[in-house]
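**Student:** Structure incoming, see below.
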Amino acid sequence: MSKPETPLLDTVETPDDLRALRPEQLRQIADELRAETISAVSVTGGHLGAGLGVVELTTALHYVFNTPQDILIWDVGHQCYPHKILTGRRNRIRTLRQSGGLSGFTKRAESEYDPFGAAHSSTSISAALGFAMANKLSGAPGKAIAVIGDGAMSAGMAYEAMNNAQGAGNRLIVILNDNDMSIAPPVGGLSAYLSRLVSSRPFLELRDLAKRVARHLPRPLYAAARKSEEYAKGMTMGGTLFEELGFYYVGPIDGHNLDHLIPVLENVRDAAEGPCLIHVVTQKGKGYAPAEAADDKYHGVQTFDVITGAQAKAPPGPPSYQNVFGETLADLADADDRIVAITAAMPTGTGVDKFAARHPTRAFDVGIAEQHAVTFAAGLAAQGMRPFCAIYSTFLQRAYDQVVHDVAIQNLPVRFALDRAGLVGADGSTHAGSFDITYLSTLPNFVVMAPADEAELVYMVATMAAHDTGPIAVRYPRGSGTGVALPQVPTPIKIGKGRIVRHGKKVAILSLGTRLTEALKAADKLDAMGLSTTVADLRFAKPLDEALIRQLLTSHEVAVTIEEGSIGGLGAHILSFASDEGLIDAGLKLRTLRLPDAFQEHDKPETQYAEAGLDADALVETVLKALRVNSVGVQEASGGARA
């Protein structure tokens, strides 16, 4: 009985091993790489469709280019799992997005094959241009290759980079991964032949000779010749836009055909031409039938059964915050035709799809263009509409200048719905909504809210709809609510007014957002120790409920603030208020709990919050330390606090 053949992928630890193989072996490598990616993600969950779509491209790039000397940058990075398998991390691939495991994105600290960290879109060309220019200026060898998806090309930053790329010369290569067929016509043998032809050395040398001859023509003839070449090529193969930006365009080519990919990449690698853009057409989920059939459902997946494709389902529970937002906004829009919803390529992730299903003409997905989304919303608001800009907290950072200049300074009533606020678990630091309380609350004219549960979110969406005197934001976490009953009628709440949800006498916990559940747990523990505890849900980070805060700070021995945001947020504002009011001079024991001054690694959200010191145990410990009381409620001898 013959032994089963050793998988060829088992012989590849790094790209050096891959480059030692014969070209005809690469098809087997790609097939095994695809199977390994599917197997790993079925165990860990994560991004699947995008990675499956670039298996052949990943194989070809590492085969043709001398990585890591040649710099390979994956835009966003959610398609990098096959890349990680080929670059020495296969033995850890089943730790993806797990505690202490591999990141779900490229990460500089993880491997020399990850030269630039990426988890936000449309940064790859700018970064690759930086690497290319650094190598050029220092005389170092190596090219820089940026792989960017067609969706990421909706962001202006990609074009800003391309507009400045000429100086890099042939050291810069951009791979446009068109996986939506949004640009290219169907590709086939003729297209592949033309791509090989126009990227070959003889064609480029002939083209260069023609250019030199044309430069000696009278200016009108030279300009006409140049345009004729560009537009003739654009008519047959597309790419005129990229040629206008100074790139030599090659494509479109089949991104799953290694016999097409390898020679084109080799031609471009060896060309003396300037910056080059290769247009590669791929299919999301390629090679895995369930992902091919429903690429939207297999973009990001839970653990799943490889044979059937069935994903593990969480048990039925409360609705997600994003869906509560979307449904509430749609309800409000039934009675108010001024309400419109804007999202930046995240309709499902923000709940705007719920709104769009009922009000399709008033829902706008502007693509990966947060800057445009904010200023577009500002224009709508200036013309009397009631725009809701639904963007992940971490992505709104990309449009901060527009938030300041186009919204806040002009005091325009743009409504910001910030999804994924706080810590986000497996997506890690790149997607955490850590900074929005700080970066919005520092702006004049802004109102900043955070609901303690999904019912409060309903009230706050209604509050936003009715607020026409300036910008207003609500921030809420990823995932499901707490299970409270939702109000039948969305009713606005009073701006800047908090509420007391539990009365006590000695300790006051001032909570903002969904940490309220942990605050109430802490109050139970403190009460059991004889430390009577008040819990307040402040609701607003700005404006502060100064009357309520003054009452709490002057009637309790210890006050602790807690929020799911970075330093500079609620706690800092309350400290400033207490200082301005002279309350600190009166001996107040005021403590603030917030996210640590660090970027936290990916993990389960509950673990992340425990590590951050934002759970019930941390609250209790903070109170006991402030009072110098031990865990059974007895004052320690070294303390000077009142009993």
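Please note that chains go A, B, ... in the order of the structure tokens, that every chain numbers its residues from 1, and that ligands are numbered from 1 in the order shown.
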Report as a PDB file with N, CA and C atoms, in the first residue's frame all protein, DNA and RNA residues lying within 7 Å of stretch 534-548 of chain A, evaluated on only C-alpha atoms, omitting residues in the same chain fewer than 3 positions from it.
**Tutor:**
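Generated file (out33.pdb):
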ATOM      1  N   SER A 441     -16.386  65.397  22.590  1.00  0.00           N
ATOM      2  CA  SER A 441     -16.759  66.237  23.734  1.00  0.00           C
ATOM      3  C   SER A 441     -15.881  67.467  23.866  1.00  0.00           C
ATOM      4  N   VAL A 447     -23.384  67.903  21.251  1.00  0.00           N
ATOM      5  CA  VAL A 447     -24.044  67.102  22.277  1.00  0.00           C
ATOM      6  C   VAL A 447     -23.574  65.670  22.080  1.00  0.00           C
ATOM      7  N   VAL A 448     -23.154  65.015  23.169  1.00  0.00           N
ATOM      8  CA  VAL A 448     -22.629  63.648  23.086  1.00  0.00           C
ATOM      9  C   VAL A 448     -23.356  62.775  24.096  1.00  0.00           C
ATOM     10  N   MET A 449     -24.003  61.714  23.604  1.00  0.00           N
ATOM     11  CA  MET A 449     -24.802  60.829  24.445  1.00  0.00           C
ATOM     12  C   MET A 449     -24.294  59.393  24.350  1.00  0.00           C
ATOM     13  N   ALA A 450     -24.640  58.596  25.374  1.00  0.00           N
ATOM     14  CA  ALA A 450     -24.342  57.165  25.352  1.00  0.00           C
ATOM     15  C   ALA A 450     -25.437  56.433  26.113  1.00  0.00           C
ATOM     16  N   PRO A 451     -26.154  55.510  25.467  1.00  0.00           N
ATOM     17  CA  PRO A 451     -27.238  54.802  26.144  1.00  0.00           C
ATOM     18  C   PRO A 451     -26.730  53.686  27.032  1.00  0.00           C
ATOM     19  N   GLY A 496     -28.885  66.980  28.189  1.00  0.00           N
ATOM     20  CA  GLY A 496     -28.033  67.263  29.335  1.00  0.00           C
ATOM     21  C   GLY A 496     -28.582  66.839  30.673  1.00  0.00           C
ATOM     22  N   LYS A 497     -29.556  65.919  30.703  1.00  0.00           N
ATOM     23  CA  LYS A 497     -30.128  65.478  31.971  1.00  0.00           C
ATOM     24  C   LYS A 497     -29.896  63.987  32.174  1.00  0.00           C
ATOM     25  N   GLY A 498     -29.249  63.665  33.303  1.00  0.00           N
ATOM     26  CA  GLY A 498     -29.036  62.278  33.668  1.00  0.00           C
ATOM     27  C   GLY A 498     -30.138  61.768  34.569  1.00  0.00           C
ATOM     28  N   ARG A 499     -29.941  60.581  35.143  1.00  0.00           N
ATOM     29  CA  ARG A 499     -30.956  59.986  36.014  1.00  0.00           C
ATOM     30  C   ARG A 499     -30.276  59.142  37.082  1.00  0.00           C
ATOM     31  N   ILE A 500     -30.883  59.096  38.240  1.00  0.00           N
ATOM     32  CA  ILE A 500     -30.413  58.211  39.300  1.00  0.00           C
ATOM     33  C   ILE A 500     -31.208  56.913  39.210  1.00  0.00           C
ATOM     34  N   VAL A 501     -30.512  55.802  39.122  1.00  0.00           N
ATOM     35  CA  VAL A 501     -31.193  54.510  39.001  1.00  0.00           C
ATOM     36  C   VAL A 501     -31.129  53.711  40.301  1.00  0.00           C
ATOM     37  N   ARG A 502     -30.330  54.180  41.262  1.00  0.00           N
ATOM     38  CA  ARG A 502     -30.246  53.503  42.560  1.00  0.00           C
ATOM     39  C   ARG A 502     -29.772  54.522  43.586  1.00  0.00           C
ATOM     40  N   HIS A 503     -30.448  54.580  44.710  1.00  0.00           N
ATOM     41  CA  HIS A 503     -30.116  55.577  45.727  1.00  0.00           C
ATOM     42  C   HIS A 503     -29.265  54.957  46.836  1.00  0.00           C
ATOM     43  N   GLY A 504     -28.267  55.736  47.284  1.00  0.00           N
ATOM     44  CA  GLY A 504     -27.426  55.347  48.408  1.00  0.00           C
ATOM     45  C   GLY A 504     -26.924  56.591  49.115  1.00  0.00           C
ATOM     46  N   LYS A 505     -25.969  56.404  50.037  1.00  0.00           N
ATOM     47  CA  LYS A 505     -25.543  57.543  50.855  1.00  0.00           C
ATOM     48  C   LYS A 505     -24.033  57.767  50.881  1.00  0.00           C
ATOM     49  N   VAL A 507     -21.334  56.089  48.753  1.00  0.00           N
ATOM     50  CA  VAL A 507     -20.578  55.972  47.502  1.00  0.00           C
ATOM     51  C   VAL A 507     -21.487  56.348  46.339  1.00  0.00           C
ATOM     52  N   ALA A 508     -20.945  57.079  45.375  1.00  0.00           N
ATOM     53  CA  ALA A 508     -21.687  57.406  44.154  1.00  0.00           C
ATOM     54  C   ALA A 508     -20.902  56.894  42.948  1.00  0.00           C
ATOM     55  N   ILE A 509     -21.577  56.127  42.101  1.00  0.00           N
ATOM     56  CA  ILE A 509     -20.989  55.677  40.842  1.00  0.00           C
ATOM     57  C   ILE A 509     -21.689  56.430  39.722  1.00  0.00           C
ATOM     58  N   LEU A 510     -20.906  57.150  38.929  1.00  0.00           N
ATOM     59  CA  LEU A 510     -21.433  57.952  37.824  1.00  0.00           C
ATOM     60  C   LEU A 510     -21.068  57.249  36.527  1.00  0.00           C
ATOM     61  N   SER A 511     -22.049  56.619  35.911  1.00  0.00           N
ATOM     62  CA  SER A 511     -21.804  55.776  34.747  1.00  0.00           C
ATOM     63  C   SER A 511     -22.257  56.457  33.467  1.00  0.00           C
ATOM     64  N   LEU A 512     -21.489  56.219  32.393  1.00  0.00           N
ATOM     65  CA  LEU A 512     -21.879  56.671  31.061  1.00  0.00           C
ATOM     66  C   LEU A 512     -21.888  55.459  30.141  1.00  0.00           C
ATOM     67  N   GLY A 513     -23.027  55.177  29.520  1.00  0.00           N
ATOM     68  CA  GLY A 513     -23.096  54.081  28.569  1.00  0.00           C
ATOM     69  C   GLY A 513     -23.390  52.743  29.206  1.00  0.00           C
ATOM     70  N   LEU A 516     -23.259  50.610  32.841  1.00  0.00           N
ATOM     71  CA  LEU A 516     -24.237  50.721  33.918  1.00  0.00           C
ATOM     72  C   LEU A 516     -24.537  49.360  34.541  1.00  0.00           C
ATOM     73  N   ALA A 519     -21.910  48.732  36.944  1.00  0.00           N
ATOM     74  CA  ALA A 519     -22.044  49.652  38.077  1.00  0.00           C
ATOM     75  C   ALA A 519     -23.078  49.132  39.075  1.00  0.00           C
ATOM     76  N   LEU A 520     -24.166  48.593  38.569  1.00  0.00           N
ATOM     77  CA  LEU A 520     -25.199  48.053  39.465  1.00  0.00           C
ATOM     78  C   LEU A 520     -24.706  46.791  40.180  1.00  0.00           C
ATOM     79  N   GLN A 551     -24.730  67.586  43.098  1.00  0.00           N
ATOM     80  CA  GLN A 551     -25.447  66.928  44.192  1.00  0.00           C
ATOM     81  C   GLN A 551     -24.736  65.646  44.623  1.00  0.00           C
ATOM     82  N   LEU A 552     -24.304  64.839  43.650  1.00  0.00           N
ATOM     83  CA  LEU A 552     -23.661  63.565  43.973  1.00  0.00           C
ATOM     84  C   LEU A 552     -22.292  63.774  44.618  1.00  0.00           C
ATOM     85  N   LEU A 570     -15.361  61.630  29.747  1.00  0.00           N
ATOM     86  CA  LEU A 570     -16.274  62.022  30.816  1.00  0.00           C
ATOM     87  C   LEU A 570     -15.536  62.334  32.112  1.00  0.00           C
TER      88      LEU A 570
END
**Student:** If you run DSSP on this backbone, which residues of stretch 406-643 of chain A come out as helix (DSSP H, G or I), and could you give them as number ranges by chain?
**Tutor:** A: 406-408, 425-427, 436-441, 454-466, 516-528, 546-555, 570-580, 584-586, 605-612, 616-627
**Student:** Please save C-alpha atoms of the selected residues as a CSV table (one decimal), in the first residue's frame.
**Tutor:**
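Result written to part00.csv:
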chain,number,residue,atom,x,y,z
A,406,ASP,CA,-17.8,71.6,8.3
A,407,VAL,CA,-20.1,70.7,11.2
A,408,ALA,CA,-19.1,72.0,14.6
A,425,GLY,CA,-13.2,42.0,20.8
A,426,ALA,CA,-11.6,40.0,18.1
A,427,ASP,CA,-11.1,43.0,15.7
A,436,ASP,CA,-15.0,59.3,20.3
A,437,ILE,CA,-16.1,60.6,23.7
A,438,THR,CA,-12.8,62.6,24.0
A,439,TYR,CA,-12.6,63.8,20.4
A,440,LEU,CA,-16.3,64.9,20.2
A,441,SER,CA,-16.8,66.2,23.7
A,454,GLU,CA,-31.2,49.5,23.9
A,455,ALA,CA,-34.3,51.2,25.3
A,456,GLU,CA,-32.2,54.2,26.1
A,457,LEU,CA,-30.9,54.1,22.5
A,458,VAL,CA,-34.5,54.4,21.2
A,459,TYR,CA,-35.0,57.5,23.3
A,460,MET,CA,-31.7,59.0,22.2
A,461,VAL,CA,-32.4,58.5,18.5
A,462,ALA,CA,-35.7,60.3,19.0
A,463,THR,CA,-33.8,63.0,20.8
A,464,MET,CA,-31.4,63.4,17.9
A,465,ALA,CA,-34.2,63.6,15.4
A,466,ALA,CA,-35.8,66.5,17.3
A,516,LEU,CA,-24.2,50.7,33.9
A,517,THR,CA,-24.8,47.0,34.3
A,518,GLU,CA,-21.4,46.6,35.9
A,519,ALA,CA,-22.0,49.7,38.1
A,520,LEU,CA,-25.2,48.1,39.5
A,521,LYS,CA,-23.3,44.8,40.2
A,522,ALA,CA,-20.7,46.8,42.0
A,523,ALA,CA,-23.4,48.6,44.0
A,524,ASP,CA,-24.7,45.2,45.2
A,525,LYS,CA,-21.3,44.1,46.4
A,526,LEU,CA,-20.6,47.4,48.1
A,527,ASP,CA,-24.0,47.4,49.8
A,528,ALA,CA,-23.3,44.0,51.1
A,546,GLU,CA,-24.0,69.8,36.4
A,547,ALA,CA,-26.8,70.0,39.0
A,548,LEU,CA,-26.9,66.2,39.3
A,549,ILE,CA,-23.1,65.9,39.4
A,550,ARG,CA,-22.8,68.6,42.0
A,551,GLN,CA,-25.4,66.9,44.2
A,552,LEU,CA,-23.7,63.6,44.0
A,553,LEU,CA,-20.2,64.9,44.6
A,554,THR,CA,-21.3,67.0,47.7
A,555,SER,CA,-23.4,64.3,49.3
A,570,LEU,CA,-16.3,62.0,30.8
A,571,GLY,CA,-14.0,61.6,33.8
A,572,ALA,CA,-11.7,64.5,32.7
A,573,HIS,CA,-14.7,66.8,32.1
A,574,ILE,CA,-16.1,66.0,35.6
A,575,LEU,CA,-12.7,66.5,37.2
A,576,SER,CA,-12.5,69.9,35.5
A,577,PHE,CA,-16.0,70.7,36.7
A,578,ALA,CA,-15.2,69.7,40.2
A,579,SER,CA,-12.0,71.8,40.2
A,580,ASP,CA,-13.8,74.8,38.8
A,584,ILE,CA,-11.9,69.0,45.2
A,585,ASP,CA,-10.6,71.5,47.8
A,586,ALA,CA,-13.4,70.3,50.1
A,605,PRO,CA,-14.9,41.9,25.0
A,606,GLU,CA,-15.5,40.8,28.6
A,607,THR,CA,-11.9,39.9,29.0
A,608,GLN,CA,-10.8,43.2,27.5
A,609,TYR,CA,-13.0,45.2,29.8
A,610,ALA,CA,-11.7,43.3,32.8
A,611,GLU,CA,-8.1,43.9,31.8
A,612,ALA,CA,-9.0,47.6,31.4
A,616,ALA,CA,-17.8,45.5,38.8
A,617,ASP,CA,-14.7,44.1,40.6
A,618,ALA,CA,-12.6,47.0,39.5
A,619,LEU,CA,-15.2,49.5,40.7
A,620,VAL,CA,-15.4,47.8,44.1
A,621,GLU,CA,-11.6,47.8,44.4
A,622,THR,CA,-11.4,51.5,43.5
A,623,VAL,CA,-14.0,52.4,46.1
A,624,LEU,CA,-12.3,50.4,48.8
A,625,LYS,CA,-8.9,51.9,48.0
A,626,ALA,CA,-10.4,55.4,48.2
A,627,LEU,CA,-11.9,54.7,51.5
**Student:** Using atom CA of A:Ala144 and atom CA of A:Val174 as the two end points, give the distance in Å to one decimal.
**Tutor:** 8.4 Å
**Student:** Fewer than 4 positions away in the same chain doesn't count, so skip those; otherwise give me all residues within 8 Å of A:Arg269, counting only C-alpha atoms, as an mmCIF file with N, CA and C atoms, in the first residue's frame.
**Tutor:**
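Once written, out.cif looks like this:
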data_model
loop_
_atom_site.group_PDB
_atom_site.id
_atom_site.type_symbol
_atom_site.label_atom_id
_atom_site.label_comp_id
_atom_site.auth_asym_id
_atom_site.auth_seq_id
_atom_site.Cartn_x
_atom_site.Cartn_y
_atom_site.Cartn_z
ATOM 1 N N VAL A 64 6.853 35.585 -7.386
ATOM 2 C CA VAL A 64 7.529 36.451 -8.348
ATOM 3 C C VAL A 64 8.422 37.480 -7.657
ATOM 4 N N PHE A 65 7.954 38.034 -6.552
ATOM 5 C CA PHE A 65 8.707 39.098 -5.888
ATOM 6 C C PHE A 65 9.522 38.548 -4.726
ATOM 7 N N LEU A 265 3.190 39.571 -13.874
ATOM 8 C CA LEU A 265 3.910 40.066 -12.703
ATOM 9 C C LEU A 265 5.417 40.092 -12.959
#
**Student:** List the spatial neighbours of A:Met162 as JSON, numbers by chain - criterion: any atom at most 8 Å away, only C-alpha atoms, same-chain residues fewer than 4 positions off excluded.
**Tutor:** {"A": [125, 126, 158, 166, 245, 246, 247]}
**Student:** Atoms to include: C-alpha atoms. Write the selected residues as a PDB file, in the first residue's frame.
**Tutor:**
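Wrote out02.pdb, looks like this:
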ATOM      1  CA  ILE A 125      -0.820  53.073  -1.981  1.00  0.00           C
ATOM      2  CA  SER A 126       0.308  55.960   0.226  1.00  0.00           C
ATOM      3  CA  ALA A 158      -6.061  56.275  -2.878  1.00  0.00           C
ATOM      4  CA  GLN A 166       5.432  59.526 -10.363  1.00  0.00           C
ATOM      5  CA  LEU A 245      -2.706  59.771 -12.975  1.00  0.00           C
ATOM      6  CA  GLY A 246       0.698  58.713 -14.302  1.00  0.00           C
ATOM      7  CA  PHE A 247       0.406  54.921 -14.002  1.00  0.00           C
TER       8      PHE A 247
END
**Student:** Just the residues within 9 Å of A:Ala382, please, counting only C-alpha atoms, with nothing from its chain fewer than 4 positions along; format it as a list in words.
**Tutor:**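 What passes the distance filter is Ala377, Ala378, Leu412 and Pro413 of chain A.
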**Student:** Which residue gives the smallest distance to A:Ala373 among A:Gly49, A:Gly569, A:Pro15, A:Gly156, with only C-alpha atoms counted?
**Tutor:**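 Closest to A:Ala373, using only C-alpha atoms: A:Gly156.
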**Student:** Among stretch 431-470 of chain A, which ones does DSSP assign to strand (DSSP E or B) (computed from the backbone)? Answer as a count of residues only.
**Tutor:** 4
**Student:** When distances are computed from only C-alpha atoms, which of A:His83, A:Gly142, A:His467, A:Arg94 shows the smallest separation from A:Asn66?
**Tutor:**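 Once distances to A:Asn66 are computed over only C-alpha atoms, the minimum belongs to A:Gly142.
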**Student:** With only C-alpha atoms as the basis for distance, which of A:Val250, A:Leu176, A:Ile71, A:Val41 is at the shortest distance from A:Leu57?
**Tutor:** A:Leu176
**Student:** Name all residues at most 10 Å from A:Gly483 (count only C-alpha atoms; drop same-chain ones fewer than 4 positions away) and give them as a list of chain:residue names.
**Tutor:**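 After dropping sequence-adjacent residues, the list is A:Gly317, A:Pro318, A:Pro319, A:Ser320, A:Asp453, A:Glu454, A:Ala455.
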**Student:** If we count only C-alpha atoms and set the cut-off at 9 Å, which residues sit around stretch 16-25 of chain A, ignoring sequence neighbours fewer than 2 positions away in its own chain? Please answer as a list in words.
**Tutor:**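 Skipping anything fewer than 2 positions along the chain leaves Leu8, Leu9, Thr11, Val12, Glu13, Thr14, Arg27, Gln28, Ile29, Ala30, Thr59, His62, Tyr63, Val64, Phe65, Asn66, Thr67, Leu86, Leu258, Asp259 and Ile262 of chain A.
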**Student:** Selected residues, N, CA and C atoms, written as an mmCIF file, in the first residue's frame, please.
**Tutor:**
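Saved as out_13.cif:
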data_model
loop_
_atom_site.group_PDB
_atom_site.id
_atom_site.type_symbol
_atom_site.label_atom_id
_atom_site.label_comp_id
_atom_site.auth_asym_id
_atom_site.auth_seq_id
_atom_site.Cartn_x
_atom_site.Cartn_y
_atom_site.Cartn_z
ATOM 1 N N LEU A 8 2.037 19.407 -0.682
ATOM 2 C CA LEU A 8 3.127 20.277 -1.130
ATOM 3 C C LEU A 8 3.253 21.492 -0.227
ATOM 4 N N LEU A 9 2.124 21.939 0.330
ATOM 5 C CA LEU A 9 2.160 23.103 1.217
ATOM 6 C C LEU A 9 3.000 22.834 2.458
ATOM 7 N N THR A 11 5.822 21.640 2.563
ATOM 8 C CA THR A 11 7.233 21.925 2.269
ATOM 9 C C THR A 11 7.531 23.413 2.230
ATOM 10 N N VAL A 12 6.480 24.239 2.399
ATOM 11 C CA VAL A 12 6.647 25.700 2.288
ATOM 12 C C VAL A 12 6.491 26.340 3.662
ATOM 13 N N GLU A 13 7.587 26.779 4.218
ATOM 14 C CA GLU A 13 7.556 27.505 5.492
ATOM 15 C C GLU A 13 7.571 29.005 5.257
ATOM 16 N N THR A 14 8.361 29.428 4.255
ATOM 17 C CA THR A 14 8.474 30.850 3.922
ATOM 18 C C THR A 14 8.420 31.012 2.407
ATOM 19 N N ARG A 27 -0.125 25.563 -8.919
ATOM 20 C CA ARG A 27 -1.565 25.289 -8.865
ATOM 21 C C ARG A 27 -1.907 24.430 -7.657
ATOM 22 N N GLN A 28 -1.076 23.418 -7.397
ATOM 23 C CA GLN A 28 -1.311 22.564 -6.235
ATOM 24 C C GLN A 28 -1.157 23.354 -4.944
ATOM 25 N N ILE A 29 -0.153 24.225 -4.889
ATOM 26 C CA ILE A 29 0.039 25.065 -3.706
ATOM 27 C C ILE A 29 -1.203 25.911 -3.450
ATOM 28 N N ALA A 30 -1.723 26.528 -4.502
ATOM 29 C CA ALA A 30 -2.894 27.393 -4.344
ATOM 30 C C ALA A 30 -4.096 26.592 -3.851
ATOM 31 N N THR A 59 -0.188 33.693 -3.846
ATOM 32 C CA THR A 59 0.838 32.732 -4.264
ATOM 33 C C THR A 59 1.743 33.347 -5.321
ATOM 34 N N HIS A 62 4.163 36.277 -3.943
ATOM 35 C CA HIS A 62 5.316 35.793 -3.173
ATOM 36 C C HIS A 62 6.266 34.971 -4.033
ATOM 37 N N TYR A 63 5.756 34.390 -5.108
ATOM 38 C CA TYR A 63 6.604 33.609 -6.015
ATOM 39 C C TYR A 63 7.445 34.519 -6.897
ATOM 40 N N VAL A 64 6.853 35.585 -7.386
ATOM 41 C CA VAL A 64 7.529 36.451 -8.348
ATOM 42 C C VAL A 64 8.422 37.480 -7.657
ATOM 43 N N PHE A 65 7.954 38.034 -6.552
ATOM 44 C CA PHE A 65 8.707 39.098 -5.888
ATOM 45 C C PHE A 65 9.522 38.548 -4.726
ATOM 46 N N ASN A 66 10.583 39.245 -4.411
ATOM 47 C CA ASN A 66 11.523 38.793 -3.386
ATOM 48 C C ASN A 66 11.125 39.356 -2.022
ATOM 49 N N THR A 67 9.972 38.935 -1.542
ATOM 50 C CA THR A 67 9.538 39.372 -0.216
ATOM 51 C C THR A 67 10.418 38.718 0.847
ATOM 52 N N LEU A 86 1.651 31.494 4.217
ATOM 53 C CA LEU A 86 2.858 31.357 3.394
ATOM 54 C C LEU A 86 4.079 32.046 3.988
ATOM 55 N N LEU A 258 -3.075 31.296 -12.759
ATOM 56 C CA LEU A 258 -1.651 31.502 -12.491
ATOM 57 C C LEU A 258 -0.845 31.616 -13.781
ATOM 58 N N ASP A 259 -1.292 30.957 -14.849
ATOM 59 C CA ASP A 259 -0.586 31.056 -16.126
ATOM 60 C C ASP A 259 -0.681 32.461 -16.704
ATOM 61 N N ILE A 262 1.456 35.009 -13.471
ATOM 62 C CA ILE A 262 2.916 34.929 -13.291
ATOM 63 C C ILE A 262 3.668 35.725 -14.359
#
**Student:** So which one's closest to A:Leu614, A:Gly587, A:Gly287, A:Gly422, A:Gly300? Using only C-alpha atoms, please.
**Tutor:**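 Closest residue, counting only C-alpha atoms: A:Gly422.
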**Student:** Which one of A:His47, A:Arg478, A:Arg171, A:Lys494 sits closest to A:Lys143 if you count only C-alpha atoms?
**Tutor:** A:Arg171
**Student:** Kindly indicate which residue among A:Val301, A:Arg420, A:Gln283, A:Cys276 lies nearest to A:Gly349, using only C-alpha atoms for the distances.
**Tutor:**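 Once distances to A:Gly349 are computed over only C-alpha atoms, the minimum belongs to A:Arg420.
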**Student:** Do you have the atom CA of A:Leu241-atom CA of A:Pro141 distance handy?
**Tutor:**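 About the pair atom CA of A:Leu241 and atom CA of A:Pro141: they are 29.5 Å apart.
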**Student:** To one decimal in Å, tell me the separation between atom CA of A:Leu531 and atom CA of A:Val560.
**Tutor:**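 Distance reported for this atom pair: 13.6 Å.
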